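Have a look at upload.csv below; it lists CSV, C-alpha atoms.
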```csv
chain,number,residue,atom,x,y,z
A,1327,MET,CA,-50.3,-103.7,0.9
A,1328,GLU,CA,-51.4,-100.0,0.8
A,1329,HIS,CA,-51.2,-98.5,-2.6
A,1330,ARG,CA,-50.5,-94.7,-2.6
A,1331,MET,CA,-51.8,-92.6,-5.3
A,1332,PRO,CA,-49.1,-90.8,-7.3
A,1333,VAL,CA,-48.5,-87.2,-6.6
A,1334,HIS,CA,-48.7,-85.0,-9.7
A,1335,SER,CA,-48.2,-81.6,-8.1
A,1336,TRP,CA,-46.7,-81.2,-4.6
A,1337,LEU,CA,-48.3,-77.8,-4.5
A,1338,ALA,CA,-51.9,-79.1,-4.9
A,1339,SER,CA,-53.0,-79.1,-1.3
A,1340,PRO,CA,-54.3,-76.4,1.0
A,1341,ARG,CA,-51.2,-76.7,3.3
A,1342,GLU,CA,-48.6,-76.4,0.6
A,1343,THR,CA,-50.4,-73.6,-1.2
A,1344,ARG,CA,-50.9,-71.6,2.1
A,1345,ALA,CA,-47.2,-72.2,3.1
A,1346,THR,CA,-45.9,-71.0,-0.3
A,1347,LEU,CA,-48.1,-67.9,-0.3
A,1348,ASP,CA,-47.1,-67.1,3.3
A,1349,GLN,CA,-43.4,-67.6,2.5
A,1350,PHE,CA,-43.6,-64.7,0.0
A,1351,GLY,CA,-46.1,-62.7,2.0
A,1352,LEU,CA,-48.9,-63.1,-0.7
A,1353,SER,CA,-52.6,-63.9,-0.8
A,1354,ALA,CA,-55.1,-64.6,-3.6
A,1355,LYS,CA,-56.0,-61.5,-5.6
A,1356,HIS,CA,-59.6,-61.5,-6.5
A,1357,HIS,CA,-59.3,-58.8,-9.3
A,1358,LEU,CA,-56.9,-61.2,-11.1
A,1359,GLY,CA,-59.2,-64.1,-10.7
A,1360,GLN,CA,-56.8,-66.0,-8.5
A,1361,ASN,CA,-58.3,-69.2,-7.1
A,1362,PHE,CA,-55.6,-71.8,-6.4
A,1363,LEU,CA,-56.3,-75.4,-7.2
A,1364,VAL,CA,-55.7,-77.6,-4.1
A,1365,ASN,CA,-56.8,-81.1,-5.3
A,1366,ASP,CA,-54.0,-83.2,-6.8
A,1367,ALA,CA,-56.6,-85.7,-8.3
A,1368,ILE,CA,-57.9,-82.9,-10.5
A,1369,ILE,CA,-54.3,-82.3,-11.7
A,1370,GLY,CA,-54.1,-85.9,-12.6
A,1371,LYS,CA,-57.3,-85.8,-14.6
A,1372,ILE,CA,-56.1,-82.7,-16.5
A,1373,LEU,CA,-52.9,-84.5,-17.4
A,1374,ASP,CA,-54.9,-87.6,-18.6
A,1375,LEU,CA,-57.0,-85.4,-20.9
A,1376,ALA,CA,-54.1,-83.5,-22.3
A,1377,GLU,CA,-52.2,-86.6,-23.4
A,1378,LEU,CA,-48.8,-84.9,-23.3
A,1379,GLY,CA,-45.7,-86.0,-25.1
A,1380,ASP,CA,-42.0,-85.2,-24.7
A,1381,ARG,CA,-42.0,-83.1,-27.9
A,1382,ASP,CA,-45.0,-80.9,-26.8
A,1383,VAL,CA,-44.5,-77.3,-26.0
A,1384,VAL,CA,-47.3,-76.3,-23.6
A,1385,PHE,CA,-48.6,-72.7,-23.4
A,1386,GLU,CA,-50.0,-72.0,-20.0
A,1387,VAL,CA,-51.9,-68.8,-18.9
A,1388,GLY,CA,-52.1,-67.8,-15.3
A,1389,PRO,CA,-49.7,-70.3,-13.7
A,1390,GLY,CA,-50.2,-68.7,-10.3
A,1391,ILE,CA,-47.7,-70.3,-7.9
A,1392,GLY,CA,-47.0,-73.1,-10.3
A,1393,THR,CA,-49.5,-75.7,-9.1
A,1394,LEU,CA,-50.3,-77.1,-12.6
A,1395,THR,CA,-46.9,-76.1,-14.1
A,1396,VAL,CA,-44.8,-78.4,-11.9
A,1397,ALA,CA,-47.1,-81.3,-12.9
A,1398,LEU,CA,-46.8,-80.4,-16.6
A,1399,LEU,CA,-43.0,-80.0,-16.8
A,1400,PRO,CA,-41.8,-83.6,-16.4
A,1401,HIS,CA,-44.1,-84.8,-19.3
A,1402,VAL,CA,-43.2,-82.3,-22.0
A,1403,GLY,CA,-40.4,-80.7,-24.0
A,1404,ALA,CA,-41.1,-77.3,-22.5
A,1405,VAL,CA,-43.7,-75.1,-20.8
A,1406,VAL,CA,-44.1,-71.4,-21.5
A,1407,SER,CA,-46.3,-69.7,-19.0
A,1408,VAL,CA,-47.7,-66.1,-19.1
A,1409,GLU,CA,-48.4,-64.5,-15.8
A,1410,ALA,CA,-49.9,-61.0,-15.2
A,1411,ASP,CA,-49.1,-60.8,-11.5
A,1412,ARG,CA,-45.5,-59.7,-11.1
A,1413,SER,CA,-45.4,-60.6,-7.5
A,1414,LEU,CA,-45.6,-64.2,-8.5
A,1415,GLN,CA,-42.4,-64.2,-10.6
A,1416,PRO,CA,-40.1,-65.1,-7.7
A,1417,VAL,CA,-42.5,-67.7,-6.5
A,1418,LEU,CA,-42.5,-69.5,-9.9
A,1419,VAL,CA,-38.8,-69.3,-10.2
A,1420,GLN,CA,-38.6,-71.2,-6.9
A,1421,THR,CA,-41.4,-73.7,-7.3
A,1422,CYS,CA,-40.4,-74.6,-10.9
A,1423,ALA,CA,-36.6,-74.8,-10.1
A,1424,GLN,CA,-36.4,-78.5,-10.4
A,1425,ASP,CA,-37.3,-78.4,-14.1
A,1426,SER,CA,-36.1,-74.8,-14.8
A,1427,GLU,CA,-34.3,-75.9,-18.0
A,1428,ARG,CA,-37.7,-76.6,-19.6
A,1429,PHE,CA,-39.6,-73.7,-18.1
A,1430,ALA,CA,-40.0,-70.3,-19.8
A,1431,LEU,CA,-41.8,-67.5,-18.0
A,1432,VAL,CA,-43.3,-64.5,-19.8
A,1433,MET,CA,-44.6,-61.7,-17.5
A,1434,GLY,CA,-47.5,-59.8,-19.0
A,1435,ASP,CA,-51.1,-59.8,-20.2
A,1436,ALA,CA,-51.9,-63.0,-22.0
A,1437,LEU,CA,-54.3,-61.1,-24.3
A,1438,ARG,CA,-51.5,-58.9,-25.5
A,1439,VAL,CA,-48.6,-61.4,-25.7
A,1440,ARG,CA,-47.8,-62.3,-29.3
A,1441,PRO,CA,-47.2,-65.9,-30.5
A,1442,ASP,CA,-43.7,-65.0,-31.6
A,1443,GLN,CA,-42.9,-63.9,-28.0
A,1444,LEU,CA,-43.9,-67.3,-26.7
A,1445,ALA,CA,-41.8,-69.1,-29.4
A,1446,ASP,CA,-38.8,-66.8,-28.6
A,1447,ALA,CA,-39.1,-67.5,-24.9
A,1448,VAL,CA,-39.0,-71.3,-25.6
A,1449,ALA,CA,-36.2,-70.9,-28.1
A,1450,SER,CA,-34.1,-69.1,-25.5
A,1451,LEU,CA,-34.1,-72.3,-23.4
A,1452,GLY,CA,-31.8,-73.8,-26.0
A,1453,ILE,CA,-33.4,-77.2,-26.1
A,1454,GLU,CA,-31.8,-79.0,-29.1
A,1455,GLY,CA,-34.3,-80.2,-31.7
A,1456,LEU,CA,-37.4,-78.8,-30.0
A,1457,ASP,CA,-39.7,-76.7,-32.2
A,1458,PRO,CA,-40.4,-73.7,-30.0
A,1459,GLU,CA,-44.0,-73.2,-31.3
A,1460,PRO,CA,-46.6,-74.1,-28.7
A,1461,THR,CA,-48.5,-77.3,-29.5
A,1462,LYS,CA,-51.0,-77.4,-26.6
A,1463,LEU,CA,-52.7,-74.9,-24.4
A,1464,VAL,CA,-53.1,-76.4,-20.9
A,1465,SER,CA,-54.2,-74.0,-18.1
A,1466,ASN,CA,-56.3,-73.3,-15.1
A,1467,LEU,CA,-57.4,-70.1,-16.8
A,1468,PRO,CA,-58.3,-66.8,-15.1
A,1469,TYR,CA,-62.1,-66.9,-15.7
A,1470,GLN,CA,-62.5,-63.3,-17.0
A,1471,VAL,CA,-60.2,-63.9,-20.0
A,1472,ALA,CA,-60.9,-67.6,-20.6
A,1473,ALA,CA,-63.1,-67.5,-23.6
A,1474,THR,CA,-60.9,-64.9,-25.4
A,1475,VAL,CA,-57.7,-66.9,-24.7
A,1476,VAL,CA,-59.1,-70.1,-26.0
A,1477,LEU,CA,-60.4,-68.7,-29.3
A,1478,GLY,CA,-57.3,-66.6,-29.7
A,1479,ALA,CA,-55.0,-69.7,-29.4
A,1480,PHE,CA,-56.8,-71.5,-32.2
A,1481,GLU,CA,-57.0,-68.3,-34.4
A,1482,ARG,CA,-53.4,-67.1,-33.9
A,1483,MET,CA,-51.3,-70.2,-33.1
A,1484,ALA,CA,-51.4,-72.6,-36.0
A,1485,HIS,CA,-49.3,-75.3,-34.2
A,1486,VAL,CA,-51.8,-75.5,-31.2
A,1487,GLU,CA,-53.6,-78.8,-31.8
A,1488,ARG,CA,-55.3,-79.3,-28.4
A,1489,VAL,CA,-56.6,-77.1,-25.6
A,1490,VAL,CA,-57.3,-78.4,-22.1
A,1491,VAL,CA,-58.5,-75.7,-19.8
A,1492,MET,CA,-60.3,-75.1,-16.5
A,1493,VAL,CA,-63.0,-72.5,-17.1
A,1494,GLN,CA,-66.3,-71.5,-15.5
A,1495,ALA,CA,-68.8,-74.2,-16.2
A,1496,GLU,CA,-71.0,-71.8,-18.1
A,1497,VAL,CA,-68.1,-70.9,-20.4
A,1498,ALA,CA,-67.5,-74.7,-21.1
A,1499,ASP,CA,-71.3,-74.9,-21.9
A,1500,ARG,CA,-70.8,-72.1,-24.5
A,1501,MET,CA,-67.8,-73.8,-26.0
A,1502,ALA,CA,-69.6,-77.1,-26.5
A,1503,ALA,CA,-73.2,-75.9,-27.2
A,1504,THR,CA,-75.3,-77.1,-30.1
A,1505,PRO,CA,-77.6,-75.0,-32.3
A,1506,GLY,CA,-80.9,-74.1,-30.8
A,1507,THR,CA,-79.8,-74.3,-27.2
A,1508,LYS,CA,-79.5,-71.3,-24.8
A,1509,ALA,CA,-75.7,-71.5,-24.5
A,1510,TYR,CA,-75.2,-71.5,-28.3
A,1511,GLY,CA,-74.1,-68.1,-29.7
A,1512,ALA,CA,-71.7,-66.3,-31.9
A,1513,TYR,CA,-68.7,-67.4,-29.7
A,1514,THR,CA,-69.7,-71.1,-30.1
A,1515,ALA,CA,-70.0,-70.8,-33.9
A,1516,LYS,CA,-66.7,-69.0,-34.2
A,1517,LEU,CA,-64.9,-71.5,-32.1
A,1518,ALA,CA,-66.3,-74.3,-34.1
A,1519,LEU,CA,-64.5,-73.0,-37.2
A,1520,TYR,CA,-61.3,-74.3,-35.6
A,1521,ALA,CA,-62.0,-77.0,-33.0
A,1522,ARG,CA,-64.4,-79.5,-31.6
A,1523,PRO,CA,-65.0,-80.5,-27.9
A,1524,THR,CA,-63.6,-84.0,-27.1
A,1525,GLY,CA,-63.8,-84.2,-23.3
A,1526,ARG,CA,-65.0,-82.6,-20.1
A,1527,PHE,CA,-65.3,-83.1,-16.4
A,1528,GLU,CA,-66.8,-80.9,-13.6
A,1529,VAL,CA,-64.8,-79.3,-10.8
A,1530,GLY,CA,-66.6,-78.0,-7.7
A,1531,PRO,CA,-65.7,-74.9,-5.7
A,1532,SER,CA,-64.3,-76.9,-2.8
A,1533,ASN,CA,-61.3,-77.9,-5.0
A,1534,PHE,CA,-59.9,-74.3,-4.8
A,1535,MET,CA,-58.5,-71.9,-2.3
A,1536,PRO,CA,-60.2,-69.6,-1.9
A,1537,ALA,CA,-63.4,-71.3,-3.1
A,1538,PRO,CA,-64.9,-69.4,-6.1
A,1539,HIS,CA,-68.6,-68.6,-6.2
A,1540,VAL,CA,-69.1,-70.5,-9.5
A,1541,ASP,CA,-68.9,-74.1,-10.7
A,1542,SER,CA,-65.9,-74.9,-12.9
A,1543,ALA,CA,-65.2,-77.5,-15.6
A,1544,VAL,CA,-62.2,-78.8,-17.5
A,1545,ILE,CA,-62.9,-79.0,-21.2
A,1546,ARG,CA,-60.8,-80.4,-24.0
A,1547,LEU,CA,-60.9,-79.0,-27.5
A,1548,ASP,CA,-59.1,-80.6,-30.5
A,1549,ARG,CA,-58.3,-78.7,-33.6
A,1550,ALA,CA,-60.7,-79.7,-36.4
A,1551,PRO,CA,-61.0,-76.9,-38.9
A,1552,MET,CA,-64.2,-76.4,-40.9
A,1553,ALA,CA,-63.8,-77.0,-44.6
A,1554,ASP,CA,-64.3,-74.7,-47.6
A,1555,PRO,CA,-67.5,-76.1,-49.2
A,1556,ALA,CA,-66.0,-75.4,-52.7
A,1557,THR,CA,-62.7,-77.2,-52.3
A,1558,GLY,CA,-63.1,-79.4,-49.2
A,1559,LEU,CA,-59.9,-77.9,-47.8
A,1560,ALA,CA,-59.6,-76.4,-44.4
A,1561,LEU,CA,-60.6,-72.8,-44.2
A,1562,ASP,CA,-57.6,-70.5,-44.5
A,1563,GLU,CA,-57.0,-67.5,-42.2
A,1564,GLY,CA,-58.8,-65.1,-44.4
A,1565,GLN,CA,-61.8,-67.4,-44.9
A,1566,ALA,CA,-62.2,-68.0,-41.2
A,1567,SER,CA,-61.9,-64.3,-40.4
A,1568,TRP,CA,-64.6,-63.5,-43.0
A,1569,CYS,CA,-66.8,-66.2,-41.7
A,1570,ALA,CA,-66.4,-64.8,-38.1
A,1571,THR,CA,-67.6,-61.4,-39.5
A,1572,VAL,CA,-70.7,-63.0,-40.9
A,1573,ILE,CA,-71.4,-64.8,-37.7
A,1574,ASP,CA,-71.1,-61.6,-35.6
A,1575,ALA,CA,-73.5,-59.9,-37.9
A,1576,ALA,CA,-76.0,-62.8,-37.8
A,1577,PHE,CA,-76.0,-62.8,-34.0
A,1578,ALA,CA,-75.8,-59.0,-33.5
A,1579,GLN,CA,-79.6,-58.9,-32.9
A,1580,ARG,CA,-80.5,-62.4,-31.8
A,1581,ARG,CA,-84.3,-61.8,-31.6
A,1582,LYS,CA,-84.4,-60.8,-35.3
A,1583,THR,CA,-84.3,-63.1,-38.3
A,1584,ILE,CA,-80.9,-63.6,-39.7
A,1585,ARG,CA,-81.8,-61.5,-42.7
A,1586,ASN,CA,-82.9,-58.5,-40.6
A,1587,SER,CA,-79.9,-58.8,-38.2
A,1588,MET,CA,-77.4,-58.9,-41.0
A,1589,SER,CA,-79.0,-56.2,-43.0
A,1590,SER,CA,-78.9,-54.0,-39.9
A,1591,ASN,CA,-75.2,-54.7,-39.6
A,1592,GLY,CA,-73.6,-53.8,-43.0
A,1593,PHE,CA,-75.0,-56.3,-45.5
A,1594,GLU,CA,-77.3,-55.4,-48.4
A,1595,ARG,CA,-80.7,-57.1,-48.5
A,1596,ASP,CA,-80.4,-58.1,-52.2
A,1597,GLU,CA,-76.9,-59.5,-51.6
A,1598,LEU,CA,-78.2,-61.5,-48.6
A,1599,ASP,CA,-81.2,-62.9,-50.4
A,1600,HIS,CA,-79.0,-64.2,-53.2
A,1601,ALA,CA,-76.6,-65.7,-50.7
A,1602,PHE,CA,-79.4,-67.4,-48.6
A,1603,GLU,CA,-80.7,-69.0,-51.8
A,1604,VAL,CA,-77.2,-70.2,-52.8
A,1605,ALA,CA,-76.4,-71.6,-49.3
A,1606,GLY,CA,-79.9,-73.2,-48.9
A,1607,ILE,CA,-80.6,-71.1,-45.7
A,1608,ASP,CA,-84.0,-69.9,-44.7
A,1609,ALA,CA,-83.8,-66.1,-44.4
A,1610,ARG,CA,-86.5,-66.1,-41.8
A,1611,ALA,CA,-84.5,-68.3,-39.4
A,1612,ARG,CA,-82.7,-66.9,-36.4
A,1613,ALA,CA,-79.0,-67.2,-36.1
A,1614,GLU,CA,-79.1,-69.5,-33.1
A,1615,ARG,CA,-80.8,-72.2,-35.3
A,1616,LEU,CA,-77.9,-72.3,-37.8
A,1617,ALA,CA,-75.1,-74.8,-37.4
A,1618,PRO,CA,-71.5,-73.6,-37.9
A,1619,ALA,CA,-71.4,-75.3,-41.3
A,1620,ASP,CA,-74.4,-73.2,-42.3
A,1621,PHE,CA,-72.4,-70.0,-41.6
A,1622,VAL,CA,-69.5,-71.4,-43.6
A,1623,ARG,CA,-71.7,-71.9,-46.6
A,1624,LEU,CA,-73.3,-68.5,-46.1
A,1625,ALA,CA,-69.9,-66.7,-45.9
A,1626,ALA,CA,-68.8,-68.5,-49.0
A,1627,ALA,CA,-71.9,-67.3,-50.9
A,1628,LEU,CA,-71.3,-63.7,-49.7
A,1629,GLU,CA,-68.7,-61.5,-51.4
A,1630,ARG,CA,-65.8,-61.0,-49.0
A,1631,ARG,CA,-65.0,-57.4,-48.2
```
Take the structure in this file and express it as structure tokens.
Amino acid sequence: MEHRMPVHSWLASPRETRATLDQFGLSAKHHLGQNFLVNDAIIGKILDLAELGDRDVVFEVGPGIGTLTVALLPHVGAVVSVEADRSLQPVLVQTCAQDSERFALVMGDALRVRPDQLADAVASLGIEGLDPEPTKLVSNLPYQVAATVVLGAFERMAHVERVVVMVQAEVADRMAATPGTKAYGAYTAKLALYARPTGRFEVGPSNFMPAPHVDSAVIRLDRAPMADPATGLALDEGQASWCATVIDAAFAQRRKTIRNSMSSNGFERDELDHAFEVAGIDARARAERLAPADFVRLAAALERR
């Protein structure tokens, strides 16, 4: 007996994607980073990584024509999608019609949409007993905003416990990099204040229409906040923000020692020398050699401004 693979998204094929775009007289817009996923097996792997539940509220950025959205909707309490391309609004209304009672669409720039706007959009669906705060970010992200969206979700959305996103492979490398490697930088250290990578798989250009000129990867990050070395408790918002300021100063001039980089970016040398001693950090080291936990200790030793 022939066993057919389950279909996760009826839109995830070149034929259906082309037909949907043609129906609305549309084509992919390069300046918005539109590359439509046309392999349903990839959708299935994304769903497996996300481990969705019926009380989850999924935040999605850049739904496009709804290829991933229609696969998410049957498995969750609600999906709230943010789309910048207004010409796609009627497309999404049609493609997501079957589960429209669980689908909230916010038109706008994902970098400017506030968390309360997302929660209000979900609350407007009127789903009884469902907390409207997003719990997971699951997206085939527009690559030009991917890194900023992921860090912002962990920084500004306390209820987001997991992120599963398609990004450019080089960005996935940065998200999961270890100290001393080429991909490790300020972004890696700041993201590590909130989360750790827990899964990844690669996605080649042939899985998209049109095919991008870069390799892609799906990466999963689970919230795992760094701890205050004094109390052992998770860093609060103010502590994490201060630590990010310290990280930015440390990496501002990568070729310099951490002492020289930070002293050139607003920190007094005497203050730094005392903090390095307290934190047990070699002032002659470069920032790329320090682990995220080192930056947490250093930030704790420096007087917050």
A:Leu1624: which residues within 7 Å, counting only C-alpha atoms, same-chain residues fewer than 4 positions away excluded, as an NGL selection string? :A and (1601-1602 or 1605 or 1620 or 1628)
Between stretch 1362-1473 of chain A and stretch 1484-1499 of chain A, at 12 Å or less, what are the per-residue closest atom pairs and their distances in Å? Count all atoms listed in the file, order by chain and rising residue number, and return it as a tab-separated table.
```
residue	atom	partner	partner_atom	distance
A:Phe1362	CA	A:Met1492	CA	11.6
A:Leu1363	CA	A:Met1492	CA	10.1
A:Ile1368	CA	A:Met1492	CA	10.1
A:Ile1369	CA	A:Met1492	CA	10.5
A:Lys1371	CA	A:Val1490	CA	10.5
A:Ile1372	CA	A:Val1490	CA	7.2
A:Leu1373	CA	A:Val1490	CA	8.9
A:Asp1374	CA	A:Val1490	CA	10.1
A:Leu1375	CA	A:Val1490	CA	7.1
A:Ala1376	CA	A:Val1490	CA	6.0
A:Glu1377	CA	A:Arg1488	CA	9.4
A:Leu1378	CA	A:Arg1488	CA	10.0
A:Asp1382	CA	A:Val1486	CA	9.7
A:Val1383	CA	A:Val1486	CA	9.1
A:Val1384	CA	A:Val1486	CA	8.9
A:Phe1385	CA	A:Val1486	CA	8.9
A:Glu1386	CA	A:Val1491	CA	9.3
A:Val1387	CA	A:Val1491	CA	9.6
A:Gly1388	CA	A:Met1492	CA	11.0
A:Pro1389	CA	A:Met1492	CA	12.0
A:Leu1394	CA	A:Met1492	CA	10.9
A:Pro1441	CA	A:Ala1484	CA	9.6
A:Asp1442	CA	A:Ala1484	CA	11.7
A:Ala1445	CA	A:His1485	CA	10.9
A:Asp1457	CA	A:His1485	CA	9.9
A:Pro1458	CA	A:His1485	CA	10.0
A:Glu1459	CA	A:His1485	CA	6.4
A:Pro1460	CA	A:Val1486	CA	5.9
A:Thr1461	CA	A:Val1486	CA	4.1
A:Lys1462	CA	A:Arg1488	CA	5.0
A:Leu1463	CA	A:Val1489	CA	4.6
A:Val1464	CA	A:Val1490	CA	4.8
A:Ser1465	CA	A:Val1491	CA	4.9
A:Asn1466	CA	A:Met1492	CA	4.6
A:Leu1467	CA	A:Met1492	CA	5.8
A:Pro1468	CA	A:Val1493	CA	7.7
A:Tyr1469	CA	A:Val1493	CA	5.8
A:Gln1470	CA	A:Gln1494	CA	9.2
A:Val1471	CA	A:Val1493	CA	9.5
A:Ala1472	CA	A:Val1493	CA	6.4
A:Ala1473	CA	A:Val1497	CA	6.8
```
Mind dumping a table of every stretch 1520-1596 of chain A residue within 9 Å of stretch 1607-1614 of chain A, with the nearest atom pair and its distance in Å to one decimal, using all atoms listed in the file, sorted by chain and rising number, as a tab-separated table?
```
residue	atom	partner	partner_atom	distance
A:Ile1573	CA	A:Ala1613	CA	8.1
A:Ala1576	CA	A:Ala1613	CA	5.6
A:Phe1577	CA	A:Ala1613	CA	5.7
A:Gln1579	CA	A:Ala1613	CA	8.9
A:Arg1580	CA	A:Ala1613	CA	6.6
A:Arg1581	CA	A:Arg1612	CA	7.2
A:Lys1582	CA	A:Arg1612	CA	6.4
A:Thr1583	CA	A:Arg1612	CA	4.5
A:Ile1584	CA	A:Arg1612	CA	5.0
A:Arg1585	CA	A:Ala1609	CA	5.3
A:Asn1586	CA	A:Arg1610	CA	8.5
A:Ser1587	CA	A:Ala1613	CA	8.7
```
Worksheet item: Between A:Val1529, A:Leu1456, A:Leu1598, A:Ala1570, which has the minimum distance to A:Ala1367 (counting all atoms listed in the file)?
Response: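 Using all atoms listed in the file, the shortest distance to A:Ala1367 belongs to A:Val1529.
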Problem - Option closest in space to A:Thr1346, from A:Ala1518, A:Leu1399, A:Val1417, A:Val1405 [counting only C-alpha atoms] - result: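 Of all the options, A:Val1417 lies closest to A:Thr1346.
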Regenerate stretch 1477-1490 of chain A at the level of N, CA and C atoms and dump it as a short mmCIF file (atom, residue, chain, number, x, y, z; two decimals), keeping the file's coordinate frame.
```
data_model
loop_
_atom_site.label_atom_id
_atom_site.label_comp_id
_atom_site.auth_asym_id
_atom_site.auth_seq_id
_atom_site.Cartn_x
_atom_site.Cartn_y
_atom_site.Cartn_z
N LEU A 1477 -60.19 -69.01 -27.88
CA LEU A 1477 -60.40 -68.70 -29.30
C LEU A 1477 -59.17 -68.14 -29.93
N GLY A 1478 -58.48 -67.24 -29.21
CA GLY A 1478 -57.30 -66.60 -29.70
C GLY A 1478 -56.17 -67.64 -30.02
N ALA A 1479 -56.07 -68.67 -29.15
CA ALA A 1479 -55.00 -69.70 -29.40
C ALA A 1479 -55.27 -70.44 -30.67
N PHE A 1480 -56.52 -70.78 -30.96
CA PHE A 1480 -56.80 -71.50 -32.20
C PHE A 1480 -56.68 -70.54 -33.42
N GLU A 1481 -57.05 -69.27 -33.25
CA GLU A 1481 -57.00 -68.30 -34.40
C GLU A 1481 -55.54 -67.95 -34.71
N ARG A 1482 -54.70 -67.76 -33.70
CA ARG A 1482 -53.40 -67.10 -33.90
C ARG A 1482 -52.21 -68.06 -33.79
N MET A 1483 -52.44 -69.29 -33.29
CA MET A 1483 -51.30 -70.20 -33.10
C MET A 1483 -51.59 -71.50 -33.85
N ALA A 1484 -51.09 -71.53 -35.08
CA ALA A 1484 -51.40 -72.60 -36.00
C ALA A 1484 -50.92 -73.98 -35.49
N HIS A 1485 -49.89 -74.00 -34.65
CA HIS A 1485 -49.30 -75.30 -34.20
C HIS A 1485 -50.12 -75.83 -32.98
N VAL A 1486 -50.98 -75.05 -32.36
CA VAL A 1486 -51.80 -75.50 -31.20
C VAL A 1486 -52.83 -76.51 -31.71
N GLU A 1487 -52.67 -77.78 -31.36
CA GLU A 1487 -53.60 -78.80 -31.80
C GLU A 1487 -54.61 -79.20 -30.74
N ARG A 1488 -54.33 -78.85 -29.49
CA ARG A 1488 -55.30 -79.30 -28.40
C ARG A 1488 -55.25 -78.21 -27.32
N VAL A 1489 -56.43 -77.98 -26.76
CA VAL A 1489 -56.60 -77.10 -25.60
C VAL A 1489 -57.28 -77.87 -24.51
N VAL A 1490 -56.70 -77.83 -23.33
CA VAL A 1490 -57.30 -78.40 -22.10
C VAL A 1490 -57.27 -77.38 -21.05
#
```
